[in-house]
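input.pdb, holding PDB, C-alpha atoms and all ligand atoms:
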```pdb
ATOM      1  CA  MET A  11      12.837  70.947   0.252
ATOM      2  CA  GLU A  12      14.135  71.721   3.764
ATOM      3  CA  GLN A  13      15.167  68.054   4.140
ATOM      4  CA  LEU A  14      17.845  68.407   1.428
ATOM      5  CA  LYS A  15      19.469  71.503   2.926
ATOM      6  CA  ASN A  16      23.228  70.787   3.269
ATOM      7  CA  LYS A  17      22.759  67.102   2.453
ATOM      8  CA  ILE A  18      25.676  65.701   0.442
ATOM      9  CA  VAL A  19      24.548  64.399  -2.946
ATOM     10  CA  PHE A  20      27.078  62.531  -5.103
ATOM     11  CA  ILE A  21      26.194  62.491  -8.818
ATOM     12  CA  THR A  22      28.162  60.427 -11.329
ATOM     13  CA  GLY A  23      28.160  61.630 -14.945
ATOM     14  CA  ALA A  24      27.274  65.197 -13.979
ATOM     15  CA  SER A  25      28.846  66.813 -17.053
ATOM     16  CA  ALA A  26      25.792  66.419 -19.315
ATOM     17  CA  GLY A  27      22.163  65.405 -19.680
ATOM     18  CA  ILE A  28      20.335  63.828 -16.748
ATOM     19  CA  GLY A  29      23.302  64.053 -14.354
ATOM     20  CA  LYS A  30      23.777  67.754 -15.019
ATOM     21  CA  ALA A  31      20.033  68.347 -14.597
ATOM     22  CA  CYS A  32      20.162  66.457 -11.262
ATOM     23  CA  ALA A  33      22.975  68.774 -10.157
ATOM     24  CA  GLU A  34      20.812  71.803 -10.980
ATOM     25  CA  VAL A  35      17.671  70.485  -9.305
ATOM     26  CA  PHE A  36      19.449  69.346  -6.112
ATOM     27  CA  ALA A  37      21.460  72.589  -5.959
ATOM     28  CA  LYS A  38      18.222  74.551  -6.075
ATOM     29  CA  ALA A  39      16.912  72.394  -3.213
ATOM     30  CA  GLY A  40      19.887  73.453  -1.049
ATOM     31  CA  ALA A  41      22.047  70.314  -1.269
ATOM     32  CA  LYS A  42      25.852  70.200  -1.362
ATOM     33  CA  LEU A  43      27.159  68.385  -4.429
ATOM     34  CA  ILE A  44      29.937  65.977  -5.279
ATOM     35  CA  LEU A  45      30.179  65.879  -9.061
ATOM     36  CA  CYS A  46      32.253  63.587 -11.237
ATOM     37  CA  ALA A  47      32.688  62.750 -14.931
ATOM     38  CA  ARG A  48      35.563  62.491 -17.367
ATOM     39  CA  ARG A  49      35.051  65.961 -18.917
ATOM     40  CA  VAL A  50      36.184  67.824 -15.848
ATOM     41  CA  GLU A  51      36.190  71.257 -17.520
ATOM     42  CA  ARG A  52      32.405  71.005 -17.812
ATOM     43  CA  LEU A  53      32.156  70.221 -14.096
ATOM     44  CA  GLU A  54      34.262  73.253 -13.282
ATOM     45  CA  LYS A  55      31.891  75.458 -15.281
ATOM     46  CA  LEU A  56      28.770  73.862 -13.751
ATOM     47  CA  THR A  57      30.172  74.289 -10.235
ATOM     48  CA  ALA A  58      30.773  78.004 -10.863
ATOM     49  CA  GLU A  59      27.268  78.444 -12.304
ATOM     50  CA  LEU A  60      25.585  76.702  -9.367
ATOM     51  CA  LYS A  61      27.650  78.709  -6.873
ATOM     52  CA  GLU A  62      26.577  81.914  -8.577
ATOM     53  CA  LYS A  63      22.906  80.950  -8.905
ATOM     54  CA  PHE A  64      22.180  79.115  -5.638
ATOM     55  CA  GLY A  65      25.322  79.585  -3.501
ATOM     56  CA  THR A  66      25.896  75.810  -3.837
ATOM     57  CA  GLU A  67      29.013  74.274  -2.347
ATOM     58  CA  SER A  68      30.385  71.627  -4.703
ATOM     59  CA  TYR A  69      33.368  69.325  -4.834
ATOM     60  CA  PHE A  70      34.168  68.030  -8.299
ATOM     61  CA  PHE A  71      36.761  65.668  -9.681
ATOM     62  CA  LYS A  72      37.620  63.798 -12.840
ATOM     63  CA  LEU A  73      36.526  60.172 -12.703
ATOM     64  CA  ASP A  74      36.117  57.359 -15.160
ATOM     65  CA  VAL A  75      33.681  55.112 -13.267
ATOM     66  CA  SER A  76      34.835  52.094 -15.278
ATOM     67  CA  ASN A  77      38.332  52.360 -13.787
ATOM     68  CA  ARG A  78      38.121  50.341 -10.588
ATOM     69  CA  ALA A  79      41.391  51.545  -9.047
ATOM     70  CA  GLU A  80      40.557  55.176  -9.807
ATOM     71  CA  VAL A  81      37.078  54.874  -8.291
ATOM     72  CA  GLU A  82      38.428  53.344  -5.075
ATOM     73  CA  GLU A  83      41.320  55.778  -4.792
ATOM     74  CA  LYS A  84      39.336  58.955  -5.488
ATOM     75  CA  ILE A  85      36.334  58.110  -3.327
ATOM     76  CA  ASN A  86      38.629  57.060  -0.435
ATOM     77  CA  ALA A  87      40.476  60.352  -0.838
ATOM     78  CA  LEU A  88      37.391  62.575  -0.498
ATOM     79  CA  PRO A  89      38.138  65.380   1.959
ATOM     80  CA  GLY A  90      36.730  64.750   5.470
ATOM     81  CA  GLU A  91      33.865  67.215   5.136
ATOM     82  CA  TRP A  92      32.706  65.470   1.933
ATOM     83  CA  LYS A  93      32.864  61.869   3.133
ATOM     84  CA  ALA A  94      29.408  61.546   4.699
ATOM     85  CA  ILE A  95      27.467  61.097   1.444
ATOM     86  CA  ASP A  96      23.693  61.149   1.999
ATOM     87  CA  ILE A  97      22.488  60.426  -1.534
ATOM     88  CA  LEU A  98      24.312  58.629  -4.346
ATOM     89  CA  ILE A  99      22.894  59.117  -7.840
ATOM     90  CA  ASN A 100      24.424  56.434 -10.071
ATOM     91  CA  ASN A 101      23.795  58.124 -13.410
ATOM     92  CA  ALA A 102      26.997  57.758 -15.495
ATOM     93  CA  GLY A 103      26.256  55.533 -18.446
ATOM     94  CA  LEU A 104      26.041  55.201 -22.194
ATOM     95  CA  GLY A 105      24.713  53.319 -25.154
ATOM     96  CA  LYS A 106      27.159  52.517 -27.961
ATOM     97  CA  GLY A 107      25.732  51.493 -31.314
ATOM     98  CA  LEU A 108      22.368  49.946 -32.196
ATOM     99  CA  ASN A 109      23.477  46.879 -34.112
ATOM    100  CA  LYS A 110      22.505  43.256 -34.422
ATOM    101  CA  LEU A 111      24.462  41.279 -31.844
ATOM    102  CA  TYR A 112      26.020  38.968 -34.423
ATOM    103  CA  GLU A 113      27.375  41.931 -36.420
ATOM    104  CA  ASP A 114      28.261  44.263 -33.570
ATOM    105  CA  ASN A 115      31.608  45.752 -32.607
ATOM    106  CA  ILE A 116      32.676  43.990 -29.421
ATOM    107  CA  ASP A 117      34.473  47.120 -28.184
ATOM    108  CA  ASN A 118      31.017  48.699 -27.825
ATOM    109  CA  TRP A 119      29.999  45.891 -25.479
ATOM    110  CA  GLU A 120      33.074  46.374 -23.304
ATOM    111  CA  LYS A 121      32.356  50.106 -22.972
ATOM    112  CA  MET A 122      28.703  49.617 -22.016
ATOM    113  CA  ILE A 123      29.302  46.757 -19.586
ATOM    114  CA  ASN A 124      32.339  48.436 -18.009
ATOM    115  CA  THR A 125      30.485  51.716 -17.480
ATOM    116  CA  ASN A 126      26.816  50.870 -16.919
ATOM    117  CA  VAL A 127      27.338  47.743 -14.816
ATOM    118  CA  LYS A 128      30.872  47.565 -13.435
ATOM    119  CA  GLY A 129      31.187  51.348 -12.993
ATOM    120  CA  LEU A 130      27.903  51.498 -11.085
ATOM    121  CA  LEU A 131      29.047  48.577  -8.923
ATOM    122  CA  TYR A 132      32.484  50.071  -8.167
ATOM    123  CA  VAL A 133      31.012  53.403  -7.088
ATOM    124  CA  THR A 134      28.278  51.736  -5.036
ATOM    125  CA  ARG A 135      30.805  49.444  -3.305
ATOM    126  CA  SER A 136      32.918  52.475  -2.352
ATOM    127  CA  VAL A 137      30.078  54.676  -1.081
ATOM    128  CA  VAL A 138      27.540  52.364   0.581
ATOM    129  CA  PRO A 139      29.677  51.060   3.523
ATOM    130  CA  GLY A 140      29.814  54.614   4.929
ATOM    131  CA  MET A 141      26.038  54.905   4.597
ATOM    132  CA  VAL A 142      25.596  51.641   6.488
ATOM    133  CA  GLU A 143      27.922  52.857   9.261
ATOM    134  CA  ARG A 144      25.977  56.117   9.560
ATOM    135  CA  LYS A 145      22.666  54.201   9.380
ATOM    136  CA  ARG A 146      21.309  56.496   6.699
ATOM    137  CA  GLY A 147      21.586  57.050   2.987
ATOM    138  CA  HIS A 148      19.862  56.635  -0.332
ATOM    139  CA  VAL A 149      21.173  55.089  -3.541
ATOM    140  CA  ILE A 150      19.250  56.189  -6.624
ATOM    141  CA  ASN A 151      20.198  54.396  -9.825
ATOM    142  CA  ILE A 152      19.350  55.650 -13.282
ATOM    143  CA  GLY A 153      18.152  52.557 -15.102
ATOM    144  CA  SER A 154      16.050  52.648 -18.263
ATOM    145  CA  ILE A 155      12.974  51.276 -19.949
ATOM    146  CA  ALA A 156      15.697  49.070 -21.496
ATOM    147  CA  GLY A 157      15.935  47.461 -18.054
ATOM    148  CA  HIS A 158      12.336  46.254 -18.403
ATOM    149  CA  GLU A 159      12.095  45.461 -22.110
ATOM    150  CA  ALA A 160      14.532  44.248 -24.762
ATOM    151  CA  TYR A 161      14.680  45.653 -28.279
ATOM    152  CA  GLY A 162      16.516  44.571 -31.416
ATOM    153  CA  GLY A 163      19.991  46.037 -31.814
ATOM    154  CA  GLY A 164      20.109  46.747 -28.098
ATOM    155  CA  SER A 165      21.046  43.391 -26.650
ATOM    156  CA  VAL A 166      24.042  44.570 -24.672
ATOM    157  CA  TYR A 167      22.631  47.982 -23.688
ATOM    158  CA  CYS A 168      19.410  46.249 -22.571
ATOM    159  CA  ALA A 169      21.472  43.635 -20.729
ATOM    160  CA  THR A 170      23.327  46.358 -18.837
ATOM    161  CA  LYS A 171      20.075  48.077 -17.848
ATOM    162  CA  HIS A 172      18.446  44.762 -16.868
ATOM    163  CA  SER A 173      21.552  44.375 -14.689
ATOM    164  CA  VAL A 174      20.840  47.746 -13.077
ATOM    165  CA  THR A 175      17.299  46.537 -12.305
ATOM    166  CA  ALA A 176      18.677  43.347 -10.744
ATOM    167  CA  ILE A 177      21.401  45.133  -8.787
ATOM    168  CA  THR A 178      18.856  47.620  -7.449
ATOM    169  CA  ARG A 179      16.514  44.843  -6.309
ATOM    170  CA  SER A 180      19.261  42.738  -4.685
ATOM    171  CA  LEU A 181      20.937  45.710  -3.013
ATOM    172  CA  ARG A 182      17.590  46.740  -1.522
ATOM    173  CA  ILE A 183      17.379  43.323   0.121
ATOM    174  CA  ASP A 184      21.009  43.489   1.278
ATOM    175  CA  LEU A 185      20.369  46.870   2.906
ATOM    176  CA  LEU A 186      17.073  46.036   4.558
ATOM    177  CA  GLY A 187      17.092  47.248   8.164
ATOM    178  CA  THR A 188      20.230  49.396   7.742
ATOM    179  CA  GLY A 189      18.445  52.710   7.184
ATOM    180  CA  VAL A 190      19.787  52.916   3.609
ATOM    181  CA  ARG A 191      17.184  53.094   0.847
ATOM    182  CA  VAL A 192      17.576  52.024  -2.790
ATOM    183  CA  SER A 193      15.552  53.291  -5.755
ATOM    184  CA  THR A 194      15.781  53.192  -9.506
ATOM    185  CA  VAL A 195      14.447  55.795 -11.922
ATOM    186  CA  ASP A 196      13.938  54.259 -15.352
ATOM    187  CA  PRO A 197      13.280  56.665 -18.222
ATOM    188  CA  GLY A 198      12.128  56.160 -21.781
ATOM    189  CA  MET A 199      13.361  58.612 -24.422
ATOM    190  CA  VAL A 200      15.204  61.612 -22.992
ATOM    191  CA  GLU A 201      16.810  64.088 -25.384
ATOM    192  CA  THR A 202      20.349  64.509 -24.051
ATOM    193  CA  GLU A 203      23.734  63.709 -25.573
ATOM    194  CA  PHE A 204      22.831  60.019 -25.207
ATOM    195  CA  SER A 205      21.964  59.405 -28.888
ATOM    196  CA  ILE A 206      24.882  61.516 -30.129
ATOM    197  CA  VAL A 207      27.197  59.278 -28.086
ATOM    198  CA  ARG A 208      25.333  56.133 -29.179
ATOM    199  CA  PHE A 209      25.732  57.055 -32.863
ATOM    200  CA  ASP A 210      29.341  58.265 -32.569
ATOM    201  CA  GLY A 211      28.560  61.948 -33.109
ATOM    202  CA  ASP A 212      26.051  61.513 -35.968
ATOM    203  CA  GLU A 213      23.786  64.445 -35.016
ATOM    204  CA  LYS A 214      21.227  63.825 -37.776
ATOM    205  CA  ARG A 215      20.707  60.205 -36.736
ATOM    206  CA  ALA A 216      20.547  61.274 -33.091
ATOM    207  CA  LYS A 217      17.930  63.945 -33.827
ATOM    208  CA  ASP A 218      15.804  61.445 -35.770
ATOM    209  CA  VAL A 219      15.365  59.319 -32.619
ATOM    210  CA  TYR A 220      13.081  62.039 -31.243
ATOM    211  CA  LYS A 221      11.502  63.067 -34.558
ATOM    212  CA  GLY A 222       7.779  63.905 -34.410
ATOM    213  CA  LEU A 223       7.398  63.569 -30.653
ATOM    214  CA  GLU A 224       8.240  65.513 -27.534
ATOM    215  CA  PRO A 225      10.847  63.531 -25.601
ATOM    216  CA  LEU A 226      11.583  63.893 -21.898
ATOM    217  CA  THR A 227      14.215  66.411 -20.854
ATOM    218  CA  GLY A 228      16.997  65.784 -18.390
ATOM    219  CA  ARG A 229      15.084  68.028 -16.019
ATOM    220  CA  ASP A 230      11.972  65.799 -16.158
ATOM    221  CA  VAL A 231      14.094  62.893 -14.984
ATOM    222  CA  ALA A 232      15.938  64.979 -12.393
ATOM    223  CA  GLU A 233      12.606  66.019 -10.877
ATOM    224  CA  ALA A 234      11.611  62.337 -10.613
ATOM    225  CA  VAL A 235      14.919  61.656  -8.844
ATOM    226  CA  LEU A 236      14.228  64.583  -6.512
ATOM    227  CA  PHE A 237      10.794  63.139  -5.721
ATOM    228  CA  CYS A 238      12.404  59.801  -4.756
ATOM    229  CA  ALA A 239      14.957  61.612  -2.588
ATOM    230  CA  THR A 240      12.375  63.612  -0.685
ATOM    231  CA  ARG A 241      10.013  60.870   0.530
ATOM    232  CA  PRO A 242       9.764  60.625   4.320
ATOM    233  CA  PRO A 243      12.117  58.032   5.884
ATOM    234  CA  HIS A 244       9.401  55.359   6.203
ATOM    235  CA  ALA A 245       8.607  55.451   2.435
ATOM    236  CA  ASN A 246      10.693  54.318  -0.525
ATOM    237  CA  ILE A 247      10.112  54.518  -4.258
ATOM    238  CA  ASN A 248      11.424  51.151  -5.392
ATOM    239  CA  GLU A 249      11.160  51.695  -9.155
ATOM    240  CA  MET A 250       9.872  54.616 -11.156
ATOM    241  CA  VAL A 251       9.342  54.283 -14.916
ATOM    242  CA  ILE A 252       9.017  57.681 -16.588
ATOM    243  CA  MET A 253       8.186  58.068 -20.274
ATOM    244  CA  PRO A 254       7.319  60.810 -22.744
ATOM    245  CA  SER A 255       3.503  60.937 -23.048
ATOM    246  CA  ALA A 256       3.982  60.027 -26.712
ATOM    247  CA  GLN A 257       5.860  56.811 -25.894
ATOM    248  CA  ALA A 258       3.925  53.726 -24.727
ATOM    249  CA  ASN A 259       6.862  51.352 -24.326
ATOM    250  CA  ALA A 260      10.303  50.662 -25.788
ATOM    251  CA  PHE A 261       8.740  49.835 -29.182
ATOM    252  CA  ILE A 262       5.668  52.003 -29.661
ATOM    253  CA  ALA A 263       5.652  55.778 -29.926
ATOM    254  CA  HIS A 264       3.202  58.206 -31.472
ATOM    255  CA  ARG A 265       4.936  60.543 -33.927
ATOM    256  CA  GLU A 266       3.368  63.503 -35.730
ATOM    257  CA  SER A 267       4.924  64.006 -39.157
TER     258      SER A 267
HETATM  259  P1  LIG B   1      24.496  61.962 -21.727
HETATM  260  O1  LIG B   1      25.375  61.367 -22.773
HETATM  261  O2  LIG B   1      23.922  63.302 -21.941
HETATM  262  O3  LIG B   1      25.283  61.964 -20.320
HETATM  263  C1  LIG B   1      26.006  60.832 -19.888
HETATM  264  C2  LIG B   1      26.862  61.218 -18.698
HETATM  265  O4  LIG B   1      27.561  60.049 -18.253
HETATM  266  C3  LIG B   1      27.897  62.270 -19.043
HETATM  267  O5  LIG B   1      27.996  63.184 -17.980
HETATM  268  C4  LIG B   1      29.177  61.462 -19.168
HETATM  269  O6  LIG B   1      30.284  62.261 -18.749
HETATM  270  C5  LIG B   1      28.927  60.370 -18.140
HETATM  271  N1  LIG B   1      29.768  59.204 -18.359
HETATM  272  C6  LIG B   1      29.748  58.346 -19.417
HETATM  273  N2  LIG B   1      30.701  57.430 -19.278
HETATM  274  C7  LIG B   1      31.349  57.718 -18.109
HETATM  275  C8  LIG B   1      32.446  57.137 -17.421
HETATM  276  N3  LIG B   1      33.094  56.054 -17.909
HETATM  277  N4  LIG B   1      32.850  57.677 -16.247
HETATM  278  C9  LIG B   1      32.209  58.759 -15.766
HETATM  279  N5  LIG B   1      31.171  59.367 -16.362
HETATM  280  C10 LIG B   1      30.764  58.836 -17.533
HETATM  281  O7  LIG B   1      23.345  60.870 -21.488
HETATM  282  P2  LIG B   1      22.111  60.823 -20.457
HETATM  283  O8  LIG B   1      22.138  61.971 -19.550
HETATM  284  O9  LIG B   1      20.902  60.565 -21.254
HETATM  285  O10 LIG B   1      22.472  59.475 -19.695
HETATM  286  C11 LIG B   1      22.542  59.380 -18.284
HETATM  287  C12 LIG B   1      22.034  58.018 -17.850
HETATM  288  O11 LIG B   1      20.666  57.905 -18.224
HETATM  289  C13 LIG B   1      22.739  56.837 -18.488
HETATM  290  O12 LIG B   1      22.941  55.850 -17.497
HETATM  291  C14 LIG B   1      21.751  56.363 -19.550
HETATM  292  O13 LIG B   1      21.902  55.000 -19.819
HETATM  293  C15 LIG B   1      20.450  56.661 -18.837
HETATM  294  N6  LIG B   1      19.268  56.761 -19.699
HETATM  295  C16 LIG B   1      19.198  57.655 -20.729
HETATM  296  C17 LIG B   1      18.061  57.731 -21.511
HETATM  297  C18 LIG B   1      17.956  58.642 -22.687
HETATM  298  O14 LIG B   1      17.055  58.430 -23.527
HETATM  299  N7  LIG B   1      18.783  59.664 -22.809
HETATM  300  C19 LIG B   1      16.904  56.879 -21.226
HETATM  301  C20 LIG B   1      17.071  55.981 -20.125
HETATM  302  C21 LIG B   1      18.215  55.950 -19.386
HETATM  303  P3  LIG B   1      31.739  62.298 -19.441
HETATM  304  O15 LIG B   1      31.559  61.924 -20.888
HETATM  305  O16 LIG B   1      32.182  63.714 -19.227
HETATM  306  O17 LIG B   1      32.532  61.314 -18.661
HETATM  307  C1  LIG B   2      18.038  54.807 -23.304
HETATM  308  C2  LIG B   2      16.783  54.985 -24.042
HETATM  309  O1  LIG B   2      15.024  54.002 -25.550
HETATM  310  O2  LIG B   2      17.294  53.312 -25.975
HETATM  311  O3  LIG B   2      17.912  54.072 -22.140
HETATM  312  O4  LIG B   2      16.139  52.464 -24.072
HETATM  313  S1  LIG B   2      16.318  53.607 -24.934
END
```
Would you put the structure from the file into structure tokens?
Ligand code: NDP
Ligand code: 8X3
Amino acid sequence: MEQLKNKIVFITGASAGIGKACAEVFAKAGAKLILCARRVERLEKLTAELKEKFGTESYFFKLDVSNRAEVEEKINALPGEWKAIDILINNAGLGKGLNKLYEDNIDNWEKMINTNVKGLLYVTRSVVPGMVERKRGHVINIGSIAGHEAYGGGSVYCATKHSVTAITRSLRIDLLGTGVRVSTVDPGMVETEFSIVRFDGDEKRAKDVYKGLEPLTGRDVAEAVLFCATRPPHANINEMVIMPSAQANAFIAHRES
């Protein structure tokens, strides 16, 4: 992992799940971390843990990626030694509800679109110009199997993740020849806080999502992200779909009772 030593890796949504696991995996590989999320107290704790365990240097700050002004202001205000971001991991995101479109709460749609699509765009727009200037960089988006398939009750979540697929593909074309690579890592079921958030804190319903099968962990996904980030400069992973072995696609999973 020599190539990640002292590289600056910016992870959005680093306070839980896949983002937190990315922080751990990249810290172990010797990277320096910029971490953001809304629950800043968790970032403070994670920063201290990674310092203790790996000697990692981190810079963390509170950020709601869906707040355009805040994204622009806080990324512009990064201290000089943290400005030259090498890798951006656009991970912050959420599902809200699993309801038929015609019965759904429209506030859920606003949250998902504002975070998963607009938030990802705001952060990318703030970070990528510097990468282009420096002629190097890598944007790694966390998409989903929901960016490849569409399931009932998930119209808006699936739409946001199809958007991530489209943004990834277009941005790759926009950046061709600049030295900046673009990848997306698209997981199936990962047991994180995702389902607890989706079902508004209903832990039983969240647990049932993974009942009878072994889901992915945040670490499984983080290791896939690390693989993308450590390809030699002439190679790029465009899209990586990673699933639990017990899950064939968005609809079909093998569950032991
Ligand atoms: P978690 O709920 O465990 O983590 C989500 C992270 O996103 C948290 O750190 C949260 O931080 C952050 N976040 C949410 N909204 C915002 C916001 N407005 N501004 C900044 N940070 C925000 O879920 P996962 O780790 O599972 O989810 C990470 C990504 O992976 C998401 O994009 C999700 O769509 C995707 N994904 C998840 C799958 C799964 O099965 N779990 C499968 C496929 C994709 P905080 O609340 O502190 O702001
Ligand atoms: C989140 C997992 O299965 O709802 O992306 O698409 S799923």
| field | Residues returned when the PyMOL selection byres (((chain A and resi 182) around 12) and not hetatm) runs on this file, as an NGL selection string | value | :A and (138 or 147-151 or 175-181 or 183-194 or 246-249)
| task | Pick out the closest residue to ligand LIG 2 (chain B) from this set: A:Val75, A:Ala160, A:Val133, A:Met250. Count all atoms listed in the file. | result |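 Looking at the shortest contact to ligand LIG 2 (chain B), the residue is A:Ala160.
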| Residues at most 8 Å from ligand LIG 1 (chain B), using only C-alpha atoms and all ligand atoms? Could they come as a VMD selection string? | chain A and resid 22 to 30 46 to 50 52 72 to 77 100 to 105 121 124 to 126 129 152 to 156 171 196 to 207 226 228
| said: Under the rule that all atoms listed in the file are counted, which of A:Thr240, A:Ser136, A:Thr57, A:Asn259 is the nearest residue to ligand LIG 2 (chain B)? | reply: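 Once distances to ligand LIG 2 (chain B) are computed over all atoms listed in the file, the minimum belongs to A:Asn259.
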| note | Min atom-atom distance to Thr170 in chain A from the set A:Leu131, A:Thr66, A:Asn16, A:Phe237, counting only C-alpha atoms, belongs to A:Leu131
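For the structure in this document, the set picked by the PyMOL selection byres (((chain A and resi 17) around 8) and not hetatm) is Gln13, Leu14, Lys15, Asn16, Ile18, Val19, Gly40, Ala41, Lys42, Ile95, Asp96 and Ile97 of chain A.
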If the box runs along x, y and z of the file and leaves 4 Å on each side of range 104-109 of chain A, what are its centre and edge lengths in Å, one decimal, as lines of an AutoDock Vina configuration file?
```
center_x = 24.8
center_y = 51.0
center_z = -28.2
size_x = 12.8
size_y = 16.3
size_z = 19.9
```
| query | When you draw a straight line from CA of Pro225 in chain A to CA of Ala39 in chain A, how long is it in Å? | reply |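 Between CA of Pro225 in chain A and CA of Ala39 in chain A the gap works out to 24.8 Å.
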| field | Explicit residues for the PyMOL selection byres (((chain A and resi 164) around 8) and not hetatm) (as a PyMOL selection string) | value | chain A and resi 108-111+160-163+165-168
| query | For ligand LIG 2 (chain B), which of A:Arg135, A:Lys61, A:Arg241, A:Lys106 is the closest residue, counting all atoms listed in the file? | reply | A:Lys106
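One distance worth recording is that between CA of Ile123 in chain A and CA of Leu98 in chain A, which is 20.0 Å.
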| task | Have a look at A:Glu12, A:Glu159, A:Glu82, A:Asp218 and name the one nearest to ligand LIG 2 (chain B); count all atoms listed in the file. | result | A:Glu159
| said: Measuring between only C-alpha atoms and all ligand atoms, which one of A:Arg144, A:Cys238, A:Val231, A:His244 shows the shortest distance to ligand LIG 2 (chain B)? | reply: A:Val231
| query | Just how far from CA of Phe209 in chain A is CA of Asp114 in chain A, in Å to one decimal? | reply |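 Separating CA of Asp114 in chain A from CA of Phe209 in chain A is a distance of 13.1 Å.
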Please write a file for range 99-117 of chain A, taken from the block I just shared, that holds N, CA and C atoms and is laid out as a short mmCIF file (atom, residue, chain, number, x, y, z; two decimals), in the first residue's frame.
```cif
data_model
loop_
_atom_site.label_atom_id
_atom_site.label_comp_id
_atom_site.auth_asym_id
_atom_site.auth_seq_id
_atom_site.Cartn_x
_atom_site.Cartn_y
_atom_site.Cartn_z
N ILE A 99 -13.97 10.10 -1.79
CA ILE A 99 -14.93 8.99 -1.68
C ILE A 99 -16.30 9.60 -1.35
N ASN A 100 -17.14 9.67 -2.36
CA ASN A 100 -18.50 10.22 -2.21
C ASN A 100 -19.40 9.12 -1.66
N ASN A 101 -19.48 9.05 -0.34
CA ASN A 101 -20.20 7.95 0.31
C ASN A 101 -21.48 8.40 1.01
N ALA A 102 -21.54 9.65 1.48
CA ALA A 102 -22.70 10.10 2.27
C ALA A 102 -23.98 9.83 1.50
N GLY A 103 -24.93 9.19 2.15
CA GLY A 103 -26.19 8.91 1.46
C GLY A 103 -27.14 8.18 2.37
N LEU A 104 -28.38 8.07 1.92
CA LEU A 104 -29.39 7.40 2.73
C LEU A 104 -30.59 6.95 1.89
N GLY A 105 -31.27 5.96 2.44
CA GLY A 105 -32.59 5.60 1.95
C GLY A 105 -33.58 6.05 3.01
N LYS A 106 -34.74 6.51 2.59
CA LYS A 106 -35.78 6.92 3.56
C LYS A 106 -37.09 6.30 3.12
N GLY A 107 -37.55 5.30 3.90
CA GLY A 107 -38.81 4.65 3.59
C GLY A 107 -38.67 3.63 2.47
N LEU A 108 -39.69 2.77 2.38
CA LEU A 108 -39.75 1.75 1.32
C LEU A 108 -41.23 1.62 0.97
N ASN A 109 -41.74 2.69 0.37
CA ASN A 109 -43.19 2.82 0.17
C ASN A 109 -43.54 2.97 -1.30
N LYS A 110 -44.76 2.58 -1.61
CA LYS A 110 -45.23 2.79 -2.99
C LYS A 110 -45.20 4.29 -3.29
N LEU A 111 -44.74 4.62 -4.48
CA LEU A 111 -44.56 6.03 -4.86
C LEU A 111 -45.82 6.85 -4.62
N TYR A 112 -46.98 6.26 -4.98
CA TYR A 112 -48.22 7.05 -4.92
C TYR A 112 -48.75 7.21 -3.50
N GLU A 113 -48.08 6.53 -2.53
CA GLU A 113 -48.50 6.71 -1.13
C GLU A 113 -47.39 7.35 -0.29
N ASP A 114 -46.27 7.62 -0.90
CA ASP A 114 -45.06 7.96 -0.13
C ASP A 114 -45.10 9.39 0.42
N ASN A 115 -44.28 9.59 1.45
CA ASN A 115 -44.09 10.90 2.05
C ASN A 115 -43.07 11.66 1.21
N ILE A 116 -43.49 12.77 0.67
CA ILE A 116 -42.64 13.51 -0.28
C ILE A 116 -41.38 14.06 0.40
N ASP A 117 -41.47 14.29 1.72
CA ASP A 117 -40.26 14.75 2.44
C ASP A 117 -39.13 13.73 2.31
#
```
